[in-house]
Amino acid sequence: MVVITILGILLFLAAPNLRERIILNKIDQAAGTIASEITKLRSEAVREGVDYVLVFDLDRQCFYNYHTAMNPEKIGERRKNAISFPQGVRCKDIHLPTSGEQIIGEVPILISFRGYVQPVILHLTDGEHYRSLWVQPFLSKVEIREEELFFTDLSVIKGKL
């Protein structure tokens with residue numbers, strides 16, 4: 001009985017941390033999925049010698065990709081089979097250095113057959129936590145941070161671009 005009481009107390013104390021970890025896993029999972037998709041598309045674009053476009057649909061909260069040699073029907077099929085963000089996680093906005101902050105509609109990100117990726121910062125949120133995905137043009141790794149990043153942050157521009 002003493003053991004059961006101690007386990008009950010430990011479970012009571014650990015439950016909030018466990019709940020927090022499950023919530024964070026969803027936002028981290030979404031960030032990891034996007035980072036993996038960008039890395040995969042960059043490799044495929046170079047290998048196949050064709051430009052890819054990764055499209056984030058901020059209205060439907062999903063994303064899909066296509067390569068520029070695809071016909072409109074195939075692109076429509078990709079759009080229909082888009083990957084949705086996990087429940088409770090959404091893409092708050094996307095920042096592009098050329099056009100600024102995008103909060104609605106479809107936002108295409110170009111991935112060149114030469115390995116260049118259009119610079120972009122994506123903000124994911126679950127309402128309480130944030131993840132910024134910083135896609136740098138010539139680096140193969142997508143940087144994921146826990147705070148919101150912006151191109152206007154001088155340390156970001158000086159340090160990485």
# chains A, B, ... in the order shown; residues from 1 in each chain; ligands from 1
>>> closest_atom_pairs(of="range 98-159 of chain A", to="range 29-46 of chain A", cutoff="12 Å", atoms="only C-alpha atoms", output="JSON lines")
{"residue": "A:Ile109", "atom": "CA", "partner": "A:Ile38", "partner_atom": "CA", "distance": 9.6}
{"residue": "A:Leu110", "atom": "CA", "partner": "A:Arg42", "partner_atom": "CA", "distance": 9.8}
{"residue": "A:Ile111", "atom": "CA", "partner": "A:Arg42", "partner_atom": "CA", "distance": 6.2}
{"residue": "A:Ser112", "atom": "CA", "partner": "A:Ala45", "partner_atom": "CA", "distance": 6.5}
{"residue": "A:Phe113", "atom": "CA", "partner": "A:Ala45", "partner_atom": "CA", "distance": 4.5}
{"residue": "A:Arg114", "atom": "CA", "partner": "A:Val46", "partner_atom": "CA", "distance": 5.7}
{"residue": "A:Gly115", "atom": "CA", "partner": "A:Arg42", "partner_atom": "CA", "distance": 5.6}
{"residue": "A:Tyr116", "atom": "CA", "partner": "A:Arg42", "partner_atom": "CA", "distance": 7.7}
{"residue": "A:Val117", "atom": "CA", "partner": "A:Arg42", "partner_atom": "CA", "distance": 7.4}
{"residue": "A:Gln118", "atom": "CA", "partner": "A:Ile38", "partner_atom": "CA", "distance": 10.7}
{"residue": "A:Pro119", "atom": "CA", "partner": "A:Ile38", "partner_atom": "CA", "distance": 11.6}
{"residue": "A:Val120", "atom": "CA", "partner": "A:Ile38", "partner_atom": "CA", "distance": 11.3}
{"residue": "A:Ile121", "atom": "CA", "partner": "A:Ala35", "partner_atom": "CA", "distance": 11.5}
{"residue": "A:Leu122", "atom": "CA", "partner": "A:Ala31", "partner_atom": "CA", "distance": 9.3}
{"residue": "A:His123", "atom": "CA", "partner": "A:Ala31", "partner_atom": "CA", "distance": 9.3}
{"residue": "A:Leu124", "atom": "CA", "partner": "A:Ala31", "partner_atom": "CA", "distance": 7.5}
{"residue": "A:Thr125", "atom": "CA", "partner": "A:Ala30", "partner_atom": "CA", "distance": 9.8}
{"residue": "A:Asp126", "atom": "CA", "partner": "A:Ala30", "partner_atom": "CA", "distance": 10.5}
{"residue": "A:Tyr130", "atom": "CA", "partner": "A:Ala31", "partner_atom": "CA", "distance": 10.1}
{"residue": "A:Arg131", "atom": "CA", "partner": "A:Ala31", "partner_atom": "CA", "distance": 7.1}
{"residue": "A:Ser132", "atom": "CA", "partner": "A:Ala31", "partner_atom": "CA", "distance": 8.1}
{"residue": "A:Leu133", "atom": "CA", "partner": "A:Ala31", "partner_atom": "CA", "distance": 7.0}
{"residue": "A:Trp134", "atom": "CA", "partner": "A:Ala35", "partner_atom": "CA", "distance": 9.2}
{"residue": "A:Val135", "atom": "CA", "partner": "A:Ala35", "partner_atom": "CA", "distance": 8.4}
{"residue": "A:Gln136", "atom": "CA", "partner": "A:Ile38", "partner_atom": "CA", "distance": 10.8}
{"residue": "A:Pro137", "atom": "CA", "partner": "A:Arg42", "partner_atom": "CA", "distance": 10.6}
{"residue": "A:Phe138", "atom": "CA", "partner": "A:Arg42", "partner_atom": "CA", "distance": 10.2}
{"residue": "A:Leu139", "atom": "CA", "partner": "A:Thr39", "partner_atom": "CA", "distance": 9.8}
{"residue": "A:Ser140", "atom": "CA", "partner": "A:Thr39", "partner_atom": "CA", "distance": 6.4}
{"residue": "A:Lys141", "atom": "CA", "partner": "A:Thr39", "partner_atom": "CA", "distance": 7.0}
{"residue": "A:Val142", "atom": "CA", "partner": "A:Ala35", "partner_atom": "CA", "distance": 5.6}
{"residue": "A:Glu143", "atom": "CA", "partner": "A:Ala35", "partner_atom": "CA", "distance": 8.1}
{"residue": "A:Ile144", "atom": "CA", "partner": "A:Ala31", "partner_atom": "CA", "distance": 7.2}
{"residue": "A:Arg145", "atom": "CA", "partner": "A:Ala31", "partner_atom": "CA", "distance": 9.6}
{"residue": "A:Glu146", "atom": "CA", "partner": "A:Ala31", "partner_atom": "CA", "distance": 10.5}
>>> write_last_selection(atoms="N, CA and C atoms", output="tab-separated table (two decimals), in the first residue's frame")
chain	number	residue	atom	x	y	z
A	109	ILE	N	7.71	28.09	-51.94
A	109	ILE	CA	9.13	28.22	-51.64
A	109	ILE	C	9.88	27.47	-52.75
A	110	LEU	N	10.73	28.17	-53.47
A	110	LEU	CA	11.46	27.58	-54.58
A	110	LEU	C	12.70	26.85	-54.08
A	111	ILE	N	12.88	25.64	-54.60
A	111	ILE	CA	14.08	24.85	-54.32
A	111	ILE	C	14.71	24.55	-55.68
A	112	SER	N	15.83	25.18	-55.94
A	112	SER	CA	16.47	25.13	-57.24
A	112	SER	C	17.19	23.81	-57.48
A	113	PHE	N	17.30	23.42	-58.73
A	113	PHE	CA	18.03	22.21	-59.09
A	113	PHE	C	19.52	22.35	-58.81
A	114	ARG	N	19.96	23.54	-58.49
A	114	ARG	CA	21.37	23.77	-58.13
A	114	ARG	C	21.60	23.65	-56.62
A	115	GLY	N	20.53	23.35	-55.87
A	115	GLY	CA	20.66	23.18	-54.43
A	115	GLY	C	20.34	24.43	-53.63
A	116	TYR	N	20.02	25.52	-54.31
A	116	TYR	CA	19.65	26.76	-53.64
A	116	TYR	C	18.20	26.69	-53.18
A	117	VAL	N	17.95	27.13	-51.96
A	117	VAL	CA	16.59	27.21	-51.45
A	117	VAL	C	16.30	28.66	-51.12
A	118	GLN	N	15.14	29.12	-51.53
A	118	GLN	CA	14.73	30.48	-51.23
A	118	GLN	C	14.78	30.69	-49.71
A	119	PRO	N	15.45	31.75	-49.23
A	119	PRO	CA	15.50	31.96	-47.77
A	119	PRO	C	14.11	32.23	-47.21
A	120	VAL	N	13.83	31.62	-46.09
A	120	VAL	CA	12.50	31.73	-45.50
A	120	VAL	C	12.58	31.45	-44.01
A	121	ILE	N	11.69	32.08	-43.26
A	121	ILE	CA	11.51	31.77	-41.84
A	121	ILE	C	10.04	31.43	-41.65
A	122	LEU	N	9.78	30.23	-41.12
A	122	LEU	CA	8.42	29.78	-40.82
A	122	LEU	C	8.22	29.79	-39.32
A	123	HIS	N	7.05	30.23	-38.90
A	123	HIS	CA	6.71	30.20	-37.47
A	123	HIS	C	5.59	29.21	-37.23
A	124	LEU	N	5.88	28.20	-36.42
A	124	LEU	CA	4.87	27.24	-35.99
A	124	LEU	C	4.49	27.55	-34.56
A	125	THR	N	3.23	27.33	-34.22
A	125	THR	CA	2.77	27.54	-32.85
A	125	THR	C	1.67	26.56	-32.49
A	126	ASP	N	1.58	26.31	-31.21
A	126	ASP	CA	0.44	25.53	-30.70
A	126	ASP	C	-0.41	26.42	-29.81
A	130	TYR	N	6.40	28.23	-29.51
A	130	TYR	CA	6.77	28.60	-30.87
A	130	TYR	C	7.97	27.78	-31.32
A	131	ARG	N	8.02	27.55	-32.62
A	131	ARG	CA	9.21	27.02	-33.27
A	131	ARG	C	9.41	27.85	-34.53
A	132	SER	N	10.62	28.32	-34.72
A	132	SER	CA	10.99	29.01	-35.95
A	132	SER	C	11.86	28.08	-36.77
A	133	LEU	N	11.52	27.91	-38.02
A	133	LEU	CA	12.34	27.15	-38.95
A	133	LEU	C	13.01	28.13	-39.88
A	134	TRP	N	14.31	28.16	-39.84
A	134	TRP	CA	15.07	29.10	-40.64
A	134	TRP	C	15.74	28.33	-41.76
A	135	VAL	N	15.26	28.55	-42.97
A	135	VAL	CA	15.81	27.90	-44.15
A	135	VAL	C	16.78	28.87	-44.79
A	136	GLN	N	18.05	28.46	-44.79
A	136	GLN	CA	19.10	29.31	-45.33
A	136	GLN	C	19.44	28.85	-46.74
A	137	PRO	N	19.71	29.79	-47.64
A	137	PRO	CA	19.83	29.48	-49.07
A	137	PRO	C	20.81	28.37	-49.43
A	138	PHE	N	22.00	28.37	-48.85
A	138	PHE	CA	23.04	27.46	-49.32
A	138	PHE	C	23.41	26.38	-48.31
A	139	LEU	N	22.80	26.39	-47.14
A	139	LEU	CA	23.12	25.38	-46.14
A	139	LEU	C	22.09	24.26	-46.21
A	140	SER	N	22.55	23.04	-46.09
A	140	SER	CA	21.63	21.91	-46.26
A	140	SER	C	20.77	21.66	-45.02
A	141	LYS	N	21.15	22.23	-43.89
A	141	LYS	CA	20.39	21.99	-42.66
A	141	LYS	C	19.40	23.13	-42.42
A	142	VAL	N	18.20	22.77	-42.00
A	142	VAL	CA	17.20	23.76	-41.59
A	142	VAL	C	17.36	23.96	-40.09
A	143	GLU	N	17.55	25.19	-39.68
A	143	GLU	CA	17.74	25.49	-38.26
A	143	GLU	C	16.37	25.66	-37.59
A	144	ILE	N	16.17	24.96	-36.47
A	144	ILE	CA	14.93	25.04	-35.71
A	144	ILE	C	15.23	25.68	-34.37
A	145	ARG	N	14.52	26.75	-34.06
A	145	ARG	CA	14.71	27.45	-32.79
A	145	ARG	C	13.40	27.56	-32.03
A	146	GLU	N	13.51	27.71	-30.72
A	146	GLU	CA	12.32	27.80	-29.87
A	146	GLU	C	11.73	29.20	-29.80
>>> select_by_dssp(residues="range 34-139 of chain A", states="strand (DSSP E or B)", output="ChimeraX atom specification")
/A:52-57,62-67,83-84,90-96,100-102,106-111,117,120-125,130-135
>>> residues_around(residues="range 56-62 of chain A", least_positions_apart="3", cutoff="12 Å", atoms="only C-alpha atoms", output="number ranges by chain")
A: 30, 33-34, 37-38, 53, 65-66, 78-95, 101-110, 120, 122-125
>>> decode(residues="range 30-54 of chain A", atoms="N, CA and C atoms", output="PDB file, in the first residue's frame")
ATOM      1  N   ALA A  30       6.116  18.479 -36.083  1.00  0.00           N
ATOM      2  CA  ALA A  30       5.789  19.276 -37.265  1.00  0.00           C
ATOM      3  C   ALA A  30       7.041  19.971 -37.804  1.00  0.00           C
ATOM      4  N   ALA A  31       7.837  20.545 -36.917  1.00  0.00           N
ATOM      5  CA  ALA A  31       9.069  21.221 -37.341  1.00  0.00           C
ATOM      6  C   ALA A  31      10.024  20.226 -37.999  1.00  0.00           C
ATOM      7  N   GLY A  32      10.161  19.061 -37.406  1.00  0.00           N
ATOM      8  CA  GLY A  32      11.040  18.043 -37.973  1.00  0.00           C
ATOM      9  C   GLY A  32      10.567  17.536 -39.320  1.00  0.00           C
ATOM     10  N   THR A  33       9.264  17.390 -39.478  1.00  0.00           N
ATOM     11  CA  THR A  33       8.700  16.939 -40.753  1.00  0.00           C
ATOM     12  C   THR A  33       8.990  17.941 -41.861  1.00  0.00           C
ATOM     13  N   ILE A  34       8.802  19.222 -41.564  1.00  0.00           N
ATOM     14  CA  ILE A  34       9.061  20.258 -42.570  1.00  0.00           C
ATOM     15  C   ILE A  34      10.549  20.312 -42.903  1.00  0.00           C
ATOM     16  N   ALA A  35      11.402  20.275 -41.888  1.00  0.00           N
ATOM     17  CA  ALA A  35      12.851  20.311 -42.118  1.00  0.00           C
ATOM     18  C   ALA A  35      13.282  19.120 -42.972  1.00  0.00           C
ATOM     19  N   SER A  36      12.745  17.942 -42.682  1.00  0.00           N
ATOM     20  CA  SER A  36      13.082  16.748 -43.466  1.00  0.00           C
ATOM     21  C   SER A  36      12.610  16.876 -44.911  1.00  0.00           C
ATOM     22  N   GLU A  37      11.429  17.424 -45.079  1.00  0.00           N
ATOM     23  CA  GLU A  37      10.875  17.599 -46.431  1.00  0.00           C
ATOM     24  C   GLU A  37      11.754  18.542 -47.254  1.00  0.00           C
ATOM     25  N   ILE A  38      12.202  19.631 -46.664  1.00  0.00           N
ATOM     26  CA  ILE A  38      13.059  20.586 -47.374  1.00  0.00           C
ATOM     27  C   ILE A  38      14.385  19.930 -47.747  1.00  0.00           C
ATOM     28  N   THR A  39      14.980  19.199 -46.813  1.00  0.00           N
ATOM     29  CA  THR A  39      16.244  18.509 -47.081  1.00  0.00           C
ATOM     30  C   THR A  39      16.077  17.475 -48.184  1.00  0.00           C
ATOM     31  N   LYS A  40      14.984  16.703 -48.132  1.00  0.00           N
ATOM     32  CA  LYS A  40      14.711  15.688 -49.149  1.00  0.00           C
ATOM     33  C   LYS A  40      14.516  16.330 -50.523  1.00  0.00           C
ATOM     34  N   LEU A  41      13.726  17.412 -50.574  1.00  0.00           N
ATOM     35  CA  LEU A  41      13.464  18.064 -51.860  1.00  0.00           C
ATOM     36  C   LEU A  41      14.725  18.690 -52.440  1.00  0.00           C
ATOM     37  N   ARG A  42      15.569  19.216 -51.579  1.00  0.00           N
ATOM     38  CA  ARG A  42      16.836  19.794 -52.053  1.00  0.00           C
ATOM     39  C   ARG A  42      17.673  18.705 -52.728  1.00  0.00           C
ATOM     40  N   SER A  43      17.764  17.553 -52.110  1.00  0.00           N
ATOM     41  CA  SER A  43      18.530  16.440 -52.693  1.00  0.00           C
ATOM     42  C   SER A  43      17.901  15.963 -54.004  1.00  0.00           C
ATOM     43  N   GLU A  44      16.588  15.817 -54.020  1.00  0.00           N
ATOM     44  CA  GLU A  44      15.906  15.367 -55.237  1.00  0.00           C
ATOM     45  C   GLU A  44      16.061  16.370 -56.370  1.00  0.00           C
ATOM     46  N   ALA A  45      15.991  17.655 -56.056  1.00  0.00           N
ATOM     47  CA  ALA A  45      16.124  18.684 -57.088  1.00  0.00           C
ATOM     48  C   ALA A  45      17.496  18.605 -57.752  1.00  0.00           C
ATOM     49  N   VAL A  46      18.539  18.446 -56.958  1.00  0.00           N
ATOM     50  CA  VAL A  46      19.893  18.348 -57.508  1.00  0.00           C
ATOM     51  C   VAL A  46      20.047  17.048 -58.297  1.00  0.00           C
ATOM     52  N   ARG A  47      19.595  15.942 -57.728  1.00  0.00           N
ATOM     53  CA  ARG A  47      19.738  14.644 -58.378  1.00  0.00           C
ATOM     54  C   ARG A  47      18.976  14.575 -59.703  1.00  0.00           C
ATOM     55  N   GLU A  48      17.741  15.118 -59.713  1.00  0.00           N
ATOM     56  CA  GLU A  48      16.906  15.038 -60.911  1.00  0.00           C
ATOM     57  C   GLU A  48      17.119  16.202 -61.875  1.00  0.00           C
ATOM     58  N   GLY A  49      17.797  17.246 -61.420  1.00  0.00           N
ATOM     59  CA  GLY A  49      18.053  18.401 -62.284  1.00  0.00           C
ATOM     60  C   GLY A  49      16.806  19.196 -62.612  1.00  0.00           C
ATOM     61  N   VAL A  50      15.888  19.300 -61.642  1.00  0.00           N
ATOM     62  CA  VAL A  50      14.640  20.029 -61.866  1.00  0.00           C
ATOM     63  C   VAL A  50      14.303  20.835 -60.604  1.00  0.00           C
ATOM     64  N   ASP A  51      13.722  22.003 -60.792  1.00  0.00           N
ATOM     65  CA  ASP A  51      13.317  22.824 -59.656  1.00  0.00           C
ATOM     66  C   ASP A  51      12.088  22.219 -58.984  1.00  0.00           C
ATOM     67  N   TYR A  52      12.054  22.318 -57.667  1.00  0.00           N
ATOM     68  CA  TYR A  52      10.889  21.915 -56.886  1.00  0.00           C
ATOM     69  C   TYR A  52      10.279  23.145 -56.243  1.00  0.00           C
ATOM     70  N   VAL A  53       9.009  23.044 -55.930  1.00  0.00           N
ATOM     71  CA  VAL A  53       8.301  24.093 -55.205  1.00  0.00           C
ATOM     72  C   VAL A  53       7.622  23.437 -54.012  1.00  0.00           C
ATOM     73  N   LEU A  54       7.905  23.966 -52.827  1.00  0.00           N
ATOM     74  CA  LEU A  54       7.239  23.516 -51.603  1.00  0.00           C
ATOM     75  C   LEU A  54       6.216  24.588 -51.266  1.00  0.00           C
TER      76      LEU A  54
END
